>>> print(open('data01.cif').read())   # mmCIF, C-alpha atoms
data_entry
#
loop_
_atom_site.group_PDB
_atom_site.id
_atom_site.type_symbol
_atom_site.label_atom_id
_atom_site.label_comp_id
_atom_site.auth_asym_id
_atom_site.auth_seq_id
_atom_site.Cartn_x
_atom_site.Cartn_y
_atom_site.Cartn_z
ATOM 1 C CA MET A 980 -9.727 16.923 7.766
ATOM 2 C CA GLN A 981 -13.446 16.882 8.502
ATOM 3 C CA ASP A 982 -15.989 15.239 6.188
ATOM 4 C CA ASP A 983 -19.171 13.650 7.465
ATOM 5 C CA ASP A 984 -19.493 11.495 4.340
ATOM 6 C CA LEU A 985 -16.127 9.777 4.884
ATOM 7 C CA GLU A 986 -14.797 7.280 7.406
ATOM 8 C CA TYR A 987 -11.267 6.260 8.282
ATOM 9 C CA VAL A 988 -10.402 2.815 6.974
ATOM 10 C CA GLY A 989 -9.397 0.370 9.693
ATOM 11 C CA PHE A 990 -6.868 -2.381 10.127
ATOM 12 C CA TRP A 991 -8.731 -5.370 8.661
ATOM 13 C CA ALA A 992 -9.986 -3.591 5.546
ATOM 14 C CA ARG A 993 -6.489 -2.267 4.899
ATOM 15 C CA THR A 994 -5.001 -5.709 5.512
ATOM 16 C CA GLY A 995 -7.418 -7.173 2.957
ATOM 17 C CA ALA A 996 -6.467 -4.483 0.450
ATOM 18 C CA ALA A 997 -2.758 -5.186 1.050
ATOM 19 C CA LEU A 998 -3.321 -8.913 0.468
ATOM 20 C CA ILE A 999 -5.056 -8.170 -2.834
ATOM 21 C CA ASP A 1000 -2.144 -5.957 -3.876
ATOM 22 C CA THR A 1001 0.334 -8.661 -2.865
ATOM 23 C CA VAL A 1002 -1.423 -11.284 -4.985
ATOM 24 C CA ILE A 1003 -1.488 -8.912 -7.972
ATOM 25 C CA LEU A 1004 2.229 -8.177 -7.577
ATOM 26 C CA LEU A 1005 3.093 -11.869 -7.266
ATOM 27 C CA VAL A 1006 1.091 -12.737 -10.381
ATOM 28 C CA LEU A 1007 3.044 -10.084 -12.282
ATOM 29 C CA MET A 1008 6.493 -10.662 -10.762
ATOM 30 C CA LEU A 1009 6.851 -14.424 -10.398
ATOM 31 C CA PRO A 1010 6.648 -15.341 -14.099
ATOM 32 C CA ALA A 1011 9.387 -12.823 -14.875
ATOM 33 C CA LEU A 1012 11.578 -13.986 -11.991
ATOM 34 C CA ILE A 1013 11.106 -17.672 -12.843
ATOM 35 C CA SER A 1014 11.877 -17.033 -16.516
ATOM 36 C CA ILE A 1015 15.142 -15.346 -15.511
ATOM 37 C CA TYR A 1016 16.266 -17.472 -12.543
ATOM 38 C CA GLY A 1017 14.406 -20.742 -13.132
ATOM 39 C CA TRP A 1018 12.156 -22.693 -10.776
ATOM 40 C CA GLU A 1019 14.985 -22.802 -8.232
ATOM 41 C CA TYR A 1020 14.067 -19.202 -7.457
ATOM 42 C CA LEU A 1021 11.035 -20.442 -5.500
ATOM 43 C CA GLU A 1022 13.083 -22.883 -3.430
ATOM 44 C CA SER A 1023 16.076 -20.680 -2.737
ATOM 45 C CA GLU A 1024 16.663 -19.015 0.610
ATOM 46 C CA LYS A 1025 18.634 -16.160 -0.937
ATOM 47 C CA LEU A 1026 17.279 -12.713 -0.208
ATOM 48 C CA LEU A 1027 18.415 -11.415 -3.569
ATOM 49 C CA HIS A 1028 19.324 -13.402 -6.690
ATOM 50 C CA GLY A 1029 20.785 -10.663 -8.817
ATOM 51 C CA PRO A 1030 20.161 -7.297 -10.433
ATOM 52 C CA ALA A 1031 16.988 -8.395 -12.240
ATOM 53 C CA ASP A 1032 15.572 -9.711 -8.965
ATOM 54 C CA PHE A 1033 16.271 -6.359 -7.300
ATOM 55 C CA VAL A 1034 14.616 -4.412 -10.112
ATOM 56 C CA ILE A 1035 11.588 -6.722 -10.442
ATOM 57 C CA SER A 1036 11.033 -7.339 -6.716
ATOM 58 C CA TRP A 1037 11.928 -3.953 -5.226
ATOM 59 C CA VAL A 1038 12.248 -1.110 -7.710
ATOM 60 C CA LEU A 1039 9.297 -1.729 -10.046
ATOM 61 C CA PRO A 1040 6.762 -2.403 -7.249
ATOM 62 C CA ALA A 1041 7.875 0.781 -5.443
ATOM 63 C CA ILE A 1042 7.460 2.833 -8.606
ATOM 64 C CA ALA A 1043 4.088 1.240 -9.387
ATOM 65 C CA VAL A 1044 2.714 1.822 -5.888
ATOM 66 C CA VAL A 1045 3.820 5.466 -5.786
ATOM 67 C CA ILE A 1046 2.376 6.091 -9.265
ATOM 68 C CA PHE A 1047 -0.956 4.504 -8.254
ATOM 69 C CA TRP A 1048 -1.019 6.657 -5.112
ATOM 70 C CA ILE A 1049 -0.313 9.826 -7.103
ATOM 71 C CA LYS A 1050 -2.679 9.118 -10.012
ATOM 72 C CA LYS A 1051 -5.515 7.243 -8.246
ATOM 73 C CA GLN A 1052 -4.897 7.961 -4.532
ATOM 74 C CA ALA A 1053 -4.980 4.185 -4.022
ATOM 75 C CA THR A 1054 -3.549 0.872 -5.108
ATOM 76 C CA PRO A 1055 -5.876 -1.647 -6.796
ATOM 77 C CA GLY A 1056 -6.560 -3.316 -3.426
ATOM 78 C CA LYS A 1057 -7.633 -0.031 -1.865
ATOM 79 C CA MET A 1058 -9.721 0.794 -4.954
ATOM 80 C CA ILE A 1059 -11.613 -2.464 -4.510
ATOM 81 C CA ILE A 1060 -12.602 -1.447 -0.970
ATOM 82 C CA SER A 1061 -13.396 2.134 -2.129
ATOM 83 C CA ALA A 1062 -10.539 3.569 -0.077
ATOM 84 C CA ARG A 1063 -8.182 6.367 -1.001
ATOM 85 C CA ILE A 1064 -5.189 8.018 0.606
ATOM 86 C CA VAL A 1065 -5.466 11.754 1.212
ATOM 87 C CA ASP A 1066 -3.647 14.558 2.990
ATOM 88 C CA ALA A 1067 -4.503 14.304 6.700
ATOM 89 C CA GLN A 1068 -4.907 18.068 7.156
ATOM 90 C CA THR A 1069 -6.935 19.049 4.106
ATOM 91 C CA GLY A 1070 -8.462 15.858 2.694
ATOM 92 C CA ALA A 1071 -6.970 16.807 -0.688
ATOM 93 C CA ASP A 1072 -4.957 14.407 -2.832
ATOM 94 C CA MET A 1073 -1.584 13.643 -1.307
ATOM 95 C CA SER A 1074 1.425 15.242 -2.948
ATOM 96 C CA THR A 1075 4.161 13.367 -4.766
ATOM 97 C CA GLN A 1076 6.439 14.112 -1.824
ATOM 98 C CA GLN A 1077 3.916 12.621 0.610
ATOM 99 C CA ALA A 1078 3.602 9.506 -1.576
ATOM 100 C CA VAL A 1079 7.356 8.931 -1.656
ATOM 101 C CA ILE A 1080 7.720 9.602 2.079
ATOM 102 C CA ARG A 1081 4.775 7.297 2.826
ATOM 103 C CA TYR A 1082 6.346 4.480 0.815
ATOM 104 C CA LEU A 1083 9.737 4.843 2.511
ATOM 105 C CA ALA A 1084 8.032 5.145 5.905
ATOM 106 C CA TYR A 1085 6.551 1.666 5.415
ATOM 107 C CA PHE A 1086 9.994 0.358 6.350
ATOM 108 C CA VAL A 1087 9.828 2.336 9.611
ATOM 109 C CA SER A 1088 6.414 0.777 10.256
ATOM 110 C CA ILE A 1089 7.533 -2.769 9.435
ATOM 111 C CA ILE A 1090 10.982 -3.079 10.994
ATOM 112 C CA PRO A 1091 9.938 -3.060 14.675
ATOM 113 C CA LEU A 1092 7.786 -6.222 14.470
ATOM 114 C CA CYS A 1093 5.247 -4.478 12.217
ATOM 115 C CA LEU A 1094 4.155 -2.296 15.139
ATOM 116 C CA GLY A 1095 3.699 0.688 12.836
ATOM 117 C CA LEU A 1096 1.168 -1.266 10.780
ATOM 118 C CA ILE A 1097 -0.619 -2.725 13.803
ATOM 119 C CA TRP A 1098 -0.912 0.848 15.112
ATOM 120 C CA VAL A 1099 -3.769 1.349 12.610
ATOM 121 C CA ALA A 1100 -5.982 -0.861 14.791
ATOM 122 C CA PHE A 1101 -5.629 1.418 17.818
ATOM 123 C CA ASP A 1102 -5.261 4.907 16.377
ATOM 124 C CA PRO A 1103 -8.396 7.109 16.442
ATOM 125 C CA ARG A 1104 -7.777 8.209 12.831
ATOM 126 C CA LYS A 1105 -6.640 4.704 11.804
ATOM 127 C CA GLN A 1106 -3.186 5.998 10.874
ATOM 128 C CA GLY A 1107 -0.166 3.748 10.740
ATOM 129 C CA TRP A 1108 3.244 5.209 11.473
ATOM 130 C CA HIS A 1109 3.792 5.606 7.725
ATOM 131 C CA ASP A 1110 0.607 7.713 7.553
ATOM 132 C CA LYS A 1111 1.675 9.850 10.494
ATOM 133 C CA ILE A 1112 5.149 10.399 9.023
ATOM 134 C CA ALA A 1113 3.733 11.331 5.586
ATOM 135 C CA GLY A 1114 0.751 13.283 6.927
ATOM 136 C CA THR A 1115 -1.859 11.066 5.261
ATOM 137 C CA VAL A 1116 -5.036 9.207 6.186
ATOM 138 C CA VAL A 1117 -6.921 6.425 4.417
ATOM 139 C CA VAL A 1118 -10.628 7.176 3.956
ATOM 140 C CA ARG A 1119 -13.651 5.861 2.130
ATOM 141 C CA PRO A 1120 -17.305 6.838 1.776
ATOM 142 C CA LYS A 1121 -19.435 5.871 4.777
ATOM 143 C CA HIS A 1122 -22.319 4.788 2.569
ATOM 144 C CA ARG A 1123 -20.486 2.899 -0.143
ATOM 145 C CA GLY A 1124 -22.890 0.332 -1.471
ATOM 146 C CA VAL A 1125 -21.667 -1.560 -4.505
ATOM 147 C CA GLN A 1126 -19.625 0.669 -6.789
ATOM 148 C CA PRO A 1127 -17.656 -0.294 -9.876
ATOM 149 C CA VAL A 1128 -13.895 0.017 -9.658
ATOM 150 C CA LYS A 1129 -12.438 2.396 -12.241
ATOM 151 C CA PHE A 1130 -8.865 1.705 -13.373
ATOM 152 C CA HIS A 1131 -8.498 4.386 -16.078
#
>>> encode(input="data01.cif", output="structure tokens")
Amino acid sequence: MQDDDLEYVGFWARTGAALIDTVILLVLMLPALISIYGWEYLESEKLLHGPADFVISWVLPAIAVVIFWIKKQATPGKMIISARIVDAQTGADMSTQQAVIRYLAYFVSIIPLCLGLIWVAFDPRKQGWHDKIAGTVVVRPKHRGVQPVKFH
């Protein structure tokens, strides 16, 4: 992929976008989880509290993220920083297959002490292991300025 108007998005910008996405997910998930499992949910050390916890905490976020990637090429956090995920070879929108592989490859990036995520800081194309596995890159316009975020 070669485009002089785009730049690869680095570690700190992507970390900020991920934090925004995490806050959004927590705001949506916690009320549902607390209404089902009570306030004890927040104090418990259990990894999983039941089927509703699995669906709300794991399944729905995975579906939402993949749908955002397919429809908008970004999650809300990435949209806020004007970033989008594209095919690394062509710069075109990533395929549904790439989106699913990228999501599953996050686990490969996270399990060994998050080394696959930290890799973004040192890679010339700012790719994490999940990007390399899925064949994607995260880009944004070089000359962004202030642009409204479109969620439609």
>>> closest_residue(input="data01.cif", among="A:Gln1076, A:Gly1107, A:Val1044, A:Val1065", to="Ile1089 of chain A", atoms="all atoms listed in the file")
A:Gly1107
>>> closest_residue(input="data01.cif", among="A:Asp1110, A:Asp1102, A:Asp1032, A:Asp984", to="Ile1080 of chain A", atoms="all atoms listed in the file")
A:Asp1110
>>> resolve_selection(input="data01.cif", expression="the PyMOL selection byres ((chain A and resi 992-1007) around 8)", output="PyMOL selection string")
chain A and resi 988-991+1008-1011+1040+1054-1057+1059-1060
>>> atom_distance(input="data01.cif", atom1="atom CA of Gly1114 of chain A", atom2="atom CA of Glu986 of chain A")
16.7 Å
>>> axis_aligned_box(input="data01.cif", around="segment 1103-1118 of chain A", padding_each_side="6 Å", output="AutoDock Vina command-line options")
--center_x -2.7 --center_y 8.5 --center_z 10.2 --size_x 27.8 --size_y 21.5 --size_z 24.5
>>> atom_distance(input="data01.cif", atom1="atom CA of Asp1072 of chain A", atom2="atom CA of Trp1108 of chain A")
18.9 Å
>>> atom_distance(input="data01.cif", atom1="atom CA of Gly1095 of chain A", atom2="atom CA of His1122 of chain A")
28.3 Å
>>> closest_residue(input="data01.cif", among="A:Ala1067, A:Ile1090, A:Met1073, A:Ala1041", to="Arg1104 of chain A", atoms="all atoms listed in the file")
A:Ala1067
>>> closest_residue(input="data01.cif", among="A:Ser1014, A:Thr1069, A:Ser1074, A:Gln1106", to="Gln1052 of chain A", atoms="only C-alpha atoms")
A:Ser1074
